[in-house]
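Here's the structure, in structure tokens; my notes come after.
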Amino acid sequence: MRRARPLLGTLVDIAAEGTEDILPAAIEAAFASIERIQKLMSFHDVHSDVSRINEAEAGSAVDVDPHTYRVLEFALELSDVSAGAFDITTAAVLVQHGFLPQIASAQISSDATFRDLDLLSDHRVCWRRKGCIDLGGIAKGFAVDRAIAVLRAHGVATAIVNAGGDLRCFGEAQPIHLRHPDDPTLLMGLGWLADAALATSAGYFSGRDIGSRRIEPLVDPKRPCCISWDGSVSVAAPDCMTADALTKVVRLAPDAAPDILERFNAQAVVIDKLGSRCCGQPWLLQEGITK
Amino acid sequence: MRWSPFLAAPAAIVSTVPASATVYLTTAQAQHAIFPGASFTSAGQAGVWRTSNGGYFIVDQVFGKHEYITYAVGINPNGTVKQIEIMKYNESYGYEVRNPAWRAQFVGKTAGSTLQLNSDIKNISGATLSSKHITDGVKRVLQMYESTLRGR
């Protein structure tokens, strides 16, 4: 059974195999779990945890959902490990370039970084200097992980959840395709994926042209500005939140990437004008494995 | 740990050709998915059905730059959206490749393999399409419902 719905700002496609009596409820529950994550983490929803964090003044603690807290924990850990190459507090730059809408952000300190967000006990967070976060580079992956957990809990045997290109599967191995960064009509087989996740970062659909340059909603925190690049990075990892977040690290910190990929048990595949290369744990298999 | 060449599996290059389509649900299947057990009567406009429980089932299309999507909206008797389901997804490219020489890099690796034409490609990573058109479409459908269907 395969269904798709508009969620997370893209199309979420769920394909599942199992007995007929469990599939409809399982898929419905999986979409519902994605909707819950969307409500918690959407930059555009004024009631989301993200918006409440962005509205909070420095020093004022905000209660968040345990899911949100978990995502923030991982994001800050990755910021630390990547020396700031991954940083969810780059939202102000995205707003500046028109990739995110303006919010009431009068008091945002332009110097605030991930180090200014404190995680307190009881799922509370607090700004030191007030900043602005966007979980766009990580929340989709987390939502996919939640959907997978729900499908498993309903007894589904094999499934793949694909949220606009961030995907994860379990059960039978799945063949995965990648669009050529410069020609979306051309798909390349990346190989087979079994019980793992894959995310891809490339500018072909989300980018914006500024004069003759094309920029993307990806911020290099060290500059900080939106970068432009022709190519694609795919990361395979045990879970989709990790895969999603690591695509940014591989693009922005290519020298540090091999060690970071090893630390998170992940694999990267980069396609650009120089060719295609990979590094890390061999998640992508040449052939499917029958279980 | 370092970088090594990544080789696509042989015969793994697939061209979607300028257009491809994925069908998720027929109209009847979408009706059943959104309003299981209900019956449907035409409301006098194309693509609009009244359900036996006082709701509405509406089929609409939206067009993006490279795709068009047929989807269904179920509206509850109280006018709220019950559910949205994608019925058919078509993509098509009159696309100007920016760097054609680079594209050849992919094709070159497939010497000896067959190019498959597959109209139902699944599991594409990196296909980030915006759902904004659908969200706008649903708003339009709800406005139409409010002005022409509600309370009739």
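Lettering and numbering for the structure tokens are positional, with chains as A, B, ... in the shown order, residues counted from 1 in each chain, and ligands counted from 1 in the shown order.
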
(message) What are the residues of chain A lining chain B at 6 Å or less? Count only C-alpha atoms, and put the answer as a list in words.
(response) Ala4, Arg5, Pro6, Gly9, Thr10, Gly164, Gly165, Ile176, His177, Leu178, Asp183, Thr185, Leu186, Leu187, Met188, Gly189, Leu190, Thr200, Pro258, Ser276, Arg277, Cys278, Cys279 and Gln286 of chain A

(request) May I have the residues within 9 Å of Thr19 of chain A as number ranges by chain, using only C-alpha atoms and disregarding those fewer than 5 positions away in the same chain? (result) A: 155-157

(request) Write out as a ChimeraX atom specification which residues come within 12 Å of Glu146 of chain B when counting only C-alpha atoms, dropping same-chain ones fewer than 3 positions away. (result) /B:56,75,77-80,139-143,149-152

Restricted to N, CA, C and O atoms, what would the selected residues look like written as a PDB file, in the first residue's frame?
ATOM      1  N   TYR B  56     -17.969  16.643   1.941  1.00  0.00           N
ATOM      2  CA  TYR B  56     -17.702  16.754   0.511  1.00  0.00           C
ATOM      3  C   TYR B  56     -16.366  16.113   0.168  1.00  0.00           C
ATOM      4  O   TYR B  56     -15.412  16.152   0.968  1.00  0.00           O
ATOM      5  N   ILE B  75     -13.805  17.093   2.964  1.00  0.00           N
ATOM      6  CA  ILE B  75     -14.237  18.170   3.860  1.00  0.00           C
ATOM      7  C   ILE B  75     -15.317  17.619   4.778  1.00  0.00           C
ATOM      8  O   ILE B  75     -16.277  16.985   4.331  1.00  0.00           O
ATOM      9  N   PRO B  77     -18.515  17.669   7.537  1.00  0.00           N
ATOM     10  CA  PRO B  77     -19.763  18.445   7.547  1.00  0.00           C
ATOM     11  C   PRO B  77     -19.615  19.827   8.185  1.00  0.00           C
ATOM     12  O   PRO B  77     -20.335  20.756   7.825  1.00  0.00           O
ATOM     13  N   ASN B  78     -18.681  19.989   9.111  1.00  0.00           N
ATOM     14  CA  ASN B  78     -18.505  21.302   9.749  1.00  0.00           C
ATOM     15  C   ASN B  78     -17.565  22.225   8.960  1.00  0.00           C
ATOM     16  O   ASN B  78     -17.217  23.312   9.420  1.00  0.00           O
ATOM     17  N   GLY B  79     -17.158  21.799   7.775  1.00  0.00           N
ATOM     18  CA  GLY B  79     -16.361  22.681   6.917  1.00  0.00           C
ATOM     19  C   GLY B  79     -14.859  22.591   7.111  1.00  0.00           C
ATOM     20  O   GLY B  79     -14.104  23.287   6.435  1.00  0.00           O
ATOM     21  N   THR B  80     -14.408  21.736   8.025  1.00  0.00           N
ATOM     22  CA  THR B  80     -12.952  21.602   8.216  1.00  0.00           C
ATOM     23  C   THR B  80     -12.419  20.512   7.284  1.00  0.00           C
ATOM     24  O   THR B  80     -13.165  19.647   6.826  1.00  0.00           O
ATOM     25  N   LYS B 139      -6.667  25.788  -0.102  1.00  0.00           N
ATOM     26  CA  LYS B 139      -7.299  27.073   0.294  1.00  0.00           C
ATOM     27  C   LYS B 139      -8.354  27.449  -0.725  1.00  0.00           C
ATOM     28  O   LYS B 139      -9.458  27.878  -0.375  1.00  0.00           O
ATOM     29  N   ARG B 140      -8.015  27.289  -1.987  1.00  0.00           N
ATOM     30  CA  ARG B 140      -8.927  27.638  -3.075  1.00  0.00           C
ATOM     31  C   ARG B 140     -10.165  26.744  -3.020  1.00  0.00           C
ATOM     32  O   ARG B 140     -11.294  27.199  -3.163  1.00  0.00           O
ATOM     33  N   VAL B 141      -9.953  25.455  -2.786  1.00  0.00           N
ATOM     34  CA  VAL B 141     -11.065  24.507  -2.693  1.00  0.00           C
ATOM     35  C   VAL B 141     -11.983  24.885  -1.534  1.00  0.00           C
ATOM     36  O   VAL B 141     -13.211  24.866  -1.659  1.00  0.00           O
ATOM     37  N   LEU B 142     -11.378  25.251  -0.397  1.00  0.00           N
ATOM     38  CA  LEU B 142     -12.196  25.623   0.762  1.00  0.00           C
ATOM     39  C   LEU B 142     -12.996  26.884   0.491  1.00  0.00           C
ATOM     40  O   LEU B 142     -14.142  27.017   0.916  1.00  0.00           O
ATOM     41  N   GLN B 143     -12.403  27.838  -0.222  1.00  0.00           N
ATOM     42  CA  GLN B 143     -13.141  29.058  -0.571  1.00  0.00           C
ATOM     43  C   GLN B 143     -14.320  28.730  -1.472  1.00  0.00           C
ATOM     44  O   GLN B 143     -15.422  29.251  -1.299  1.00  0.00           O
ATOM     45  N   LEU B 149     -20.958  25.608  -1.852  1.00  0.00           N
ATOM     46  CA  LEU B 149     -21.444  24.294  -1.434  1.00  0.00           C
ATOM     47  C   LEU B 149     -22.033  24.262  -0.029  1.00  0.00           C
ATOM     48  O   LEU B 149     -22.987  23.555   0.243  1.00  0.00           O
ATOM     49  N   ARG B 150     -21.447  25.019   0.866  1.00  0.00           N
ATOM     50  CA  ARG B 150     -21.819  24.895   2.276  1.00  0.00           C
ATOM     51  C   ARG B 150     -23.266  25.251   2.499  1.00  0.00           C
ATOM     52  O   ARG B 150     -23.738  26.274   2.017  1.00  0.00           O
ATOM     53  N   GLY B 151     -23.944  24.377   3.235  1.00  0.00           N
ATOM     54  CA  GLY B 151     -25.332  24.673   3.589  1.00  0.00           C
ATOM     55  C   GLY B 151     -26.332  24.426   2.485  1.00  0.00           C
ATOM     56  O   GLY B 151     -27.504  24.719   2.633  1.00  0.00           O
ATOM     57  N   ARG B 152     -25.866  23.885   1.336  1.00  0.00           N
ATOM     58  CA  ARG B 152     -26.836  23.633   0.256  1.00  0.00           C
ATOM     59  C   ARG B 152     -27.354  22.202   0.320  1.00  0.00           C
ATOM     60  O   ARG B 152     -26.653  21.321   0.744  1.00  0.00           O
TER      61      ARG B 152
END

(message) Please compute the atom CA of Leu198 of chain A-atom CA of Ala237 of chain A distance, one decimal, in Å.
(response)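 Calculated distance between atom CA of Leu198 of chain A and atom CA of Ala237 of chain A is 6.5 Å.
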
(message) Just the number, please: distance in Å from atom CA of Asp122 of chain A to atom CA of Tyr69 of chain A, one decimal.
(response)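 Distance between the two atoms: 9.5 Å.
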
(message) List as a list in words the protein and nucleic acid residues near segment 243-252 of chain A, meaning an atom at most 8 Å away when only C-alpha atoms are counted, but skip any in the same chain fewer than 6 places from it.
(response)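 Here the answer would be Ala75, Ser82, Ala85, Phe86, Gly137, Ile138, Lys140, Gly141, Asp166, Ala197, Leu198, Ala199, Thr200, Ser201, Leu218, Asp220, Val233, Ser234, Val235, Ala236, Ala237, Leu261, Ala266 and Ala268 of chain A.
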
Write out the residues from the selection above, keeping all heavy atoms, as a compact mmCIF listing (two decimals), in the first residue's frame.
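Written out: again36.txt:
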# COMPACT_ATOMS: atom_id res chain seq x y z
N ALA A 75 21.18 18.32 17.78
CA ALA A 75 21.69 19.45 16.99
C ALA A 75 22.89 20.10 17.68
O ALA A 75 23.89 20.43 17.04
CB ALA A 75 20.59 20.48 16.77
N SER A 82 31.16 19.30 15.07
CA SER A 82 31.54 19.86 13.77
C SER A 82 32.12 21.26 13.89
O SER A 82 32.26 21.97 12.89
CB SER A 82 30.32 19.90 12.83
OG SER A 82 29.38 20.88 13.25
N ALA A 85 30.06 23.93 12.12
CA ALA A 85 29.67 23.82 10.71
C ALA A 85 28.16 23.57 10.62
O ALA A 85 27.47 24.07 9.74
CB ALA A 85 30.43 22.70 10.00
N PHE A 86 27.62 22.79 11.55
CA PHE A 86 26.19 22.60 11.66
C PHE A 86 25.70 23.51 12.76
O PHE A 86 26.19 23.44 13.89
CB PHE A 86 25.85 21.14 11.99
CG PHE A 86 24.37 20.87 12.06
CD1 PHE A 86 23.67 20.60 10.89
CD2 PHE A 86 23.68 20.92 13.26
CE1 PHE A 86 22.30 20.36 10.93
CE2 PHE A 86 22.31 20.69 13.30
CZ PHE A 86 21.62 20.41 12.13
N GLY A 137 16.85 21.84 8.70
CA GLY A 137 17.88 20.91 8.25
C GLY A 137 17.90 19.61 9.01
O GLY A 137 18.83 18.82 8.87
N ILE A 138 16.91 19.37 9.85
CA ILE A 138 16.99 18.21 10.73
C ILE A 138 15.61 17.65 11.08
O ILE A 138 15.48 16.44 11.28
CB ILE A 138 17.77 18.62 12.01
CG1 ILE A 138 18.07 17.45 12.92
CG2 ILE A 138 17.01 19.69 12.78
CD1 ILE A 138 18.96 17.85 14.08
N LYS A 140 12.85 17.22 9.29
CA LYS A 140 12.24 16.26 8.34
C LYS A 140 12.74 14.86 8.64
O LYS A 140 12.00 13.89 8.66
CB LYS A 140 12.62 16.63 6.90
CG LYS A 140 11.46 17.20 6.13
CD LYS A 140 11.64 17.14 4.63
CE LYS A 140 12.71 18.07 4.18
NZ LYS A 140 13.21 17.73 2.84
N GLY A 141 14.07 14.75 8.83
CA GLY A 141 14.66 13.46 9.14
C GLY A 141 14.07 12.88 10.41
O GLY A 141 13.75 11.69 10.49
N ASP A 166 14.26 12.79 1.82
CA ASP A 166 14.83 12.22 3.06
C ASP A 166 14.05 10.94 3.33
O ASP A 166 12.85 10.99 3.56
CB ASP A 166 14.65 13.18 4.24
CG ASP A 166 15.54 14.40 4.13
OD1 ASP A 166 16.31 14.49 3.15
OD2 ASP A 166 15.46 15.26 5.02
N ALA A 197 18.75 4.88 6.68
CA ALA A 197 18.14 6.11 6.18
C ALA A 197 19.09 6.77 5.19
O ALA A 197 20.30 6.53 5.20
CB ALA A 197 17.87 7.07 7.34
N LEU A 198 18.53 7.61 4.32
CA LEU A 198 19.34 8.35 3.36
C LEU A 198 18.76 9.74 3.19
O LEU A 198 17.56 9.89 3.06
CB LEU A 198 19.36 7.64 2.00
CG LEU A 198 20.30 8.27 0.99
CD1 LEU A 198 21.69 7.70 1.13
CD2 LEU A 198 19.82 8.07 -0.43
N ALA A 199 19.61 10.73 3.18
CA ALA A 199 19.16 12.10 2.93
C ALA A 199 20.08 12.72 1.89
O ALA A 199 21.25 12.37 1.82
CB ALA A 199 19.18 12.92 4.22
N THR A 200 19.56 13.63 1.10
CA THR A 200 20.36 14.26 0.06
C THR A 200 20.19 15.76 0.11
O THR A 200 19.09 16.26 0.29
CB THR A 200 19.93 13.74 -1.33
OG1 THR A 200 20.20 12.35 -1.40
CG2 THR A 200 20.70 14.45 -2.44
N SER A 201 21.29 16.46 -0.03
CA SER A 201 21.27 17.92 -0.06
C SER A 201 21.80 18.39 -1.40
O SER A 201 22.91 18.03 -1.79
CB SER A 201 22.15 18.46 1.07
OG SER A 201 22.24 19.86 1.00
N LEU A 218 21.18 27.15 2.34
CA LEU A 218 22.17 26.47 3.17
C LEU A 218 23.17 27.53 3.59
O LEU A 218 23.76 28.20 2.75
CB LEU A 218 22.86 25.36 2.38
CG LEU A 218 23.93 24.55 3.14
CD1 LEU A 218 23.32 23.83 4.31
CD2 LEU A 218 24.58 23.56 2.21
N ASP A 220 26.58 28.90 5.43
CA ASP A 220 27.91 28.61 5.94
C ASP A 220 28.08 29.49 7.19
O ASP A 220 28.26 30.70 7.05
CB ASP A 220 28.95 28.95 4.87
CG ASP A 220 30.36 28.66 5.32
OD1 ASP A 220 30.57 28.34 6.52
OD2 ASP A 220 31.27 28.76 4.49
N VAL A 233 25.10 15.99 -2.23
CA VAL A 233 25.66 15.17 -1.16
C VAL A 233 24.56 14.30 -0.62
O VAL A 233 23.50 14.80 -0.26
CB VAL A 233 26.20 16.05 0.00
CG1 VAL A 233 26.55 15.18 1.20
CG2 VAL A 233 27.39 16.85 -0.45
N SER A 234 24.81 13.00 -0.55
CA SER A 234 23.85 12.08 0.08
C SER A 234 24.55 11.46 1.28
O SER A 234 25.73 11.11 1.21
CB SER A 234 23.43 10.99 -0.88
OG SER A 234 22.78 11.53 -2.01
N VAL A 235 23.80 11.31 2.36
CA VAL A 235 24.36 10.65 3.54
C VAL A 235 23.43 9.51 3.94
O VAL A 235 22.22 9.71 4.08
CB VAL A 235 24.51 11.63 4.72
CG1 VAL A 235 24.90 10.87 6.00
CG2 VAL A 235 25.57 12.67 4.40
N ALA A 236 24.02 8.34 4.12
CA ALA A 236 23.28 7.19 4.64
C ALA A 236 23.71 6.98 6.08
O ALA A 236 24.88 7.11 6.42
CB ALA A 236 23.58 5.94 3.82
N ALA A 237 22.74 6.69 6.96
CA ALA A 237 23.02 6.57 8.38
C ALA A 237 21.97 5.65 9.01
O ALA A 237 20.97 5.34 8.37
CB ALA A 237 22.98 7.96 9.04
N LEU A 261 31.64 11.38 9.98
CA LEU A 261 30.86 10.26 9.44
C LEU A 261 31.15 8.99 10.21
O LEU A 261 30.24 8.22 10.53
CB LEU A 261 31.19 10.06 7.95
CG LEU A 261 30.70 11.15 6.99
CD1 LEU A 261 31.37 11.01 5.63
CD2 LEU A 261 29.19 11.10 6.84
N ALA A 266 28.07 6.64 9.64
CA ALA A 266 27.36 7.06 8.44
C ALA A 266 28.26 6.97 7.20
O ALA A 266 29.46 6.71 7.30
CB ALA A 266 26.86 8.50 8.61
N ALA A 268 28.85 8.94 3.23
CA ALA A 268 28.49 10.05 2.35
C ALA A 268 28.83 9.69 0.92
O ALA A 268 29.83 9.03 0.65
CB ALA A 268 29.24 11.31 2.76

(request) List every residue of segment 41-143 of chain A that DSSP, applied to the backbone of this structure, assigns to strand (DSSP E or B), and report them as a list in words. (result) Val62, Asp63, Leu117, Asp118, Leu119, Leu120, Arg124, Val125, Cys126 and Trp127 of chain A

Could you please take those selected residues and save all heavy atoms as a PDB file, in the first residue's frame?
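In the end it all went to out00.pdb:
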ATOM      1  N   VAL A  62      11.886  28.242  28.227  1.00  0.00           N
ATOM      2  CA  VAL A  62      10.721  27.802  27.461  1.00  0.00           C
ATOM      3  C   VAL A  62      10.556  26.295  27.628  1.00  0.00           C
ATOM      4  O   VAL A  62      11.516  25.550  27.458  1.00  0.00           O
ATOM      5  CB  VAL A  62      10.922  28.122  25.954  1.00  0.00           C
ATOM      6  CG1 VAL A  62       9.720  27.693  25.132  1.00  0.00           C
ATOM      7  CG2 VAL A  62      11.231  29.588  25.743  1.00  0.00           C
ATOM      8  N   ASP A  63       9.332  25.840  27.961  1.00  0.00           N
ATOM      9  CA  ASP A  63       9.038  24.393  28.024  1.00  0.00           C
ATOM     10  C   ASP A  63       8.830  23.867  26.625  1.00  0.00           C
ATOM     11  O   ASP A  63       8.047  24.454  25.879  1.00  0.00           O
ATOM     12  CB  ASP A  63       7.699  24.163  28.749  1.00  0.00           C
ATOM     13  CG  ASP A  63       7.871  24.247  30.235  1.00  0.00           C
ATOM     14  OD1 ASP A  63       8.632  23.446  30.781  1.00  0.00           O
ATOM     15  OD2 ASP A  63       7.252  25.148  30.832  1.00  0.00           O
ATOM     16  N   LEU A 117      22.314  28.631  23.205  1.00  0.00           N
ATOM     17  CA  LEU A 117      21.078  27.929  23.558  1.00  0.00           C
ATOM     18  C   LEU A 117      21.390  26.894  24.634  1.00  0.00           C
ATOM     19  O   LEU A 117      22.124  25.951  24.399  1.00  0.00           O
ATOM     20  CB  LEU A 117      20.498  27.249  22.316  1.00  0.00           C
ATOM     21  CG  LEU A 117      19.077  26.716  22.444  1.00  0.00           C
ATOM     22  CD1 LEU A 117      18.079  27.855  22.681  1.00  0.00           C
ATOM     23  CD2 LEU A 117      18.686  25.962  21.174  1.00  0.00           C
ATOM     24  N   ASP A 118      20.857  27.110  25.815  1.00  0.00           N
ATOM     25  CA  ASP A 118      21.087  26.194  26.928  1.00  0.00           C
ATOM     26  C   ASP A 118      19.941  25.195  27.039  1.00  0.00           C
ATOM     27  O   ASP A 118      18.773  25.573  26.985  1.00  0.00           O
ATOM     28  CB  ASP A 118      21.186  26.968  28.254  1.00  0.00           C
ATOM     29  CG  ASP A 118      22.554  27.593  28.445  1.00  0.00           C
ATOM     30  OD1 ASP A 118      23.547  27.017  27.931  1.00  0.00           O
ATOM     31  OD2 ASP A 118      22.637  28.642  29.104  1.00  0.00           O
ATOM     32  N   LEU A 119      20.303  23.927  27.223  1.00  0.00           N
ATOM     33  CA  LEU A 119      19.281  22.908  27.459  1.00  0.00           C
ATOM     34  C   LEU A 119      19.238  22.630  28.960  1.00  0.00           C
ATOM     35  O   LEU A 119      20.233  22.230  29.556  1.00  0.00           O
ATOM     36  CB  LEU A 119      19.614  21.623  26.692  1.00  0.00           C
ATOM     37  CG  LEU A 119      19.718  21.775  25.175  1.00  0.00           C
ATOM     38  CD1 LEU A 119      19.885  20.420  24.523  1.00  0.00           C
ATOM     39  CD2 LEU A 119      18.504  22.491  24.605  1.00  0.00           C
ATOM     40  N   LEU A 120      18.083  22.886  29.571  1.00  0.00           N
ATOM     41  CA  LEU A 120      17.937  22.745  31.019  1.00  0.00           C
ATOM     42  C   LEU A 120      17.193  21.451  31.342  1.00  0.00           C
ATOM     43  O   LEU A 120      16.762  20.738  30.434  1.00  0.00           O
ATOM     44  CB  LEU A 120      17.160  23.957  31.569  1.00  0.00           C
ATOM     45  CG  LEU A 120      17.636  25.325  31.083  1.00  0.00           C
ATOM     46  CD1 LEU A 120      16.682  26.417  31.547  1.00  0.00           C
ATOM     47  CD2 LEU A 120      19.047  25.600  31.577  1.00  0.00           C
ATOM     48  N   ARG A 124      13.344  22.032  29.279  1.00  0.00           N
ATOM     49  CA  ARG A 124      13.262  23.480  29.086  1.00  0.00           C
ATOM     50  C   ARG A 124      14.512  23.965  28.369  1.00  0.00           C
ATOM     51  O   ARG A 124      15.587  23.382  28.500  1.00  0.00           O
ATOM     52  CB  ARG A 124      13.142  24.193  30.445  1.00  0.00           C
ATOM     53  CG  ARG A 124      11.794  23.938  31.155  1.00  0.00           C
ATOM     54  CD  ARG A 124      11.843  24.461  32.583  1.00  0.00           C
ATOM     55  NE  ARG A 124      12.972  23.911  33.301  1.00  0.00           N
ATOM     56  CZ  ARG A 124      13.771  24.624  34.101  1.00  0.00           C
ATOM     57  NH1 ARG A 124      13.546  25.921  34.309  1.00  0.00           N
ATOM     58  NH2 ARG A 124      14.792  24.052  34.707  1.00  0.00           N
ATOM     59  N   VAL A 125      14.351  25.020  27.586  1.00  0.00           N
ATOM     60  CA  VAL A 125      15.514  25.614  26.905  1.00  0.00           C
ATOM     61  C   VAL A 125      15.522  27.113  27.165  1.00  0.00           C
ATOM     62  O   VAL A 125      14.492  27.715  27.457  1.00  0.00           O
ATOM     63  CB  VAL A 125      15.503  25.325  25.384  1.00  0.00           C
ATOM     64  CG1 VAL A 125      15.286  23.861  25.099  1.00  0.00           C
ATOM     65  CG2 VAL A 125      14.474  26.161  24.675  1.00  0.00           C
ATOM     66  N   CYS A 126      16.684  27.707  27.038  1.00  0.00           N
ATOM     67  CA  CYS A 126      16.837  29.119  27.410  1.00  0.00           C
ATOM     68  C   CYS A 126      17.968  29.761  26.605  1.00  0.00           C
ATOM     69  O   CYS A 126      19.022  29.163  26.430  1.00  0.00           O
ATOM     70  CB  CYS A 126      17.176  29.147  28.906  1.00  0.00           C
ATOM     71  SG  CYS A 126      17.233  30.781  29.592  1.00  0.00           S
ATOM     72  N   TRP A 127      17.733  30.977  26.119  1.00  0.00           N
ATOM     73  CA  TRP A 127      18.794  31.698  25.410  1.00  0.00           C
ATOM     74  C   TRP A 127      19.704  32.413  26.385  1.00  0.00           C
ATOM     75  O   TRP A 127      19.252  32.998  27.364  1.00  0.00           O
ATOM     76  CB  TRP A 127      18.190  32.770  24.494  1.00  0.00           C
ATOM     77  CG  TRP A 127      17.470  32.267  23.282  1.00  0.00           C
ATOM     78  CD1 TRP A 127      16.130  32.264  23.076  1.00  0.00           C
ATOM     79  CD2 TRP A 127      18.074  31.701  22.105  1.00  0.00           C
ATOM     80  NE1 TRP A 127      15.845  31.735  21.832  1.00  0.00           N
ATOM     81  CE2 TRP A 127      17.018  31.385  21.222  1.00  0.00           C
ATOM     82  CE3 TRP A 127      19.381  31.438  21.694  1.00  0.00           C
ATOM     83  CZ2 TRP A 127      17.236  30.817  19.962  1.00  0.00           C
ATOM     84  CZ3 TRP A 127      19.600  30.871  20.455  1.00  0.00           C
ATOM     85  CH2 TRP A 127      18.529  30.566  19.605  1.00  0.00           C
TER      86      TRP A 127
END
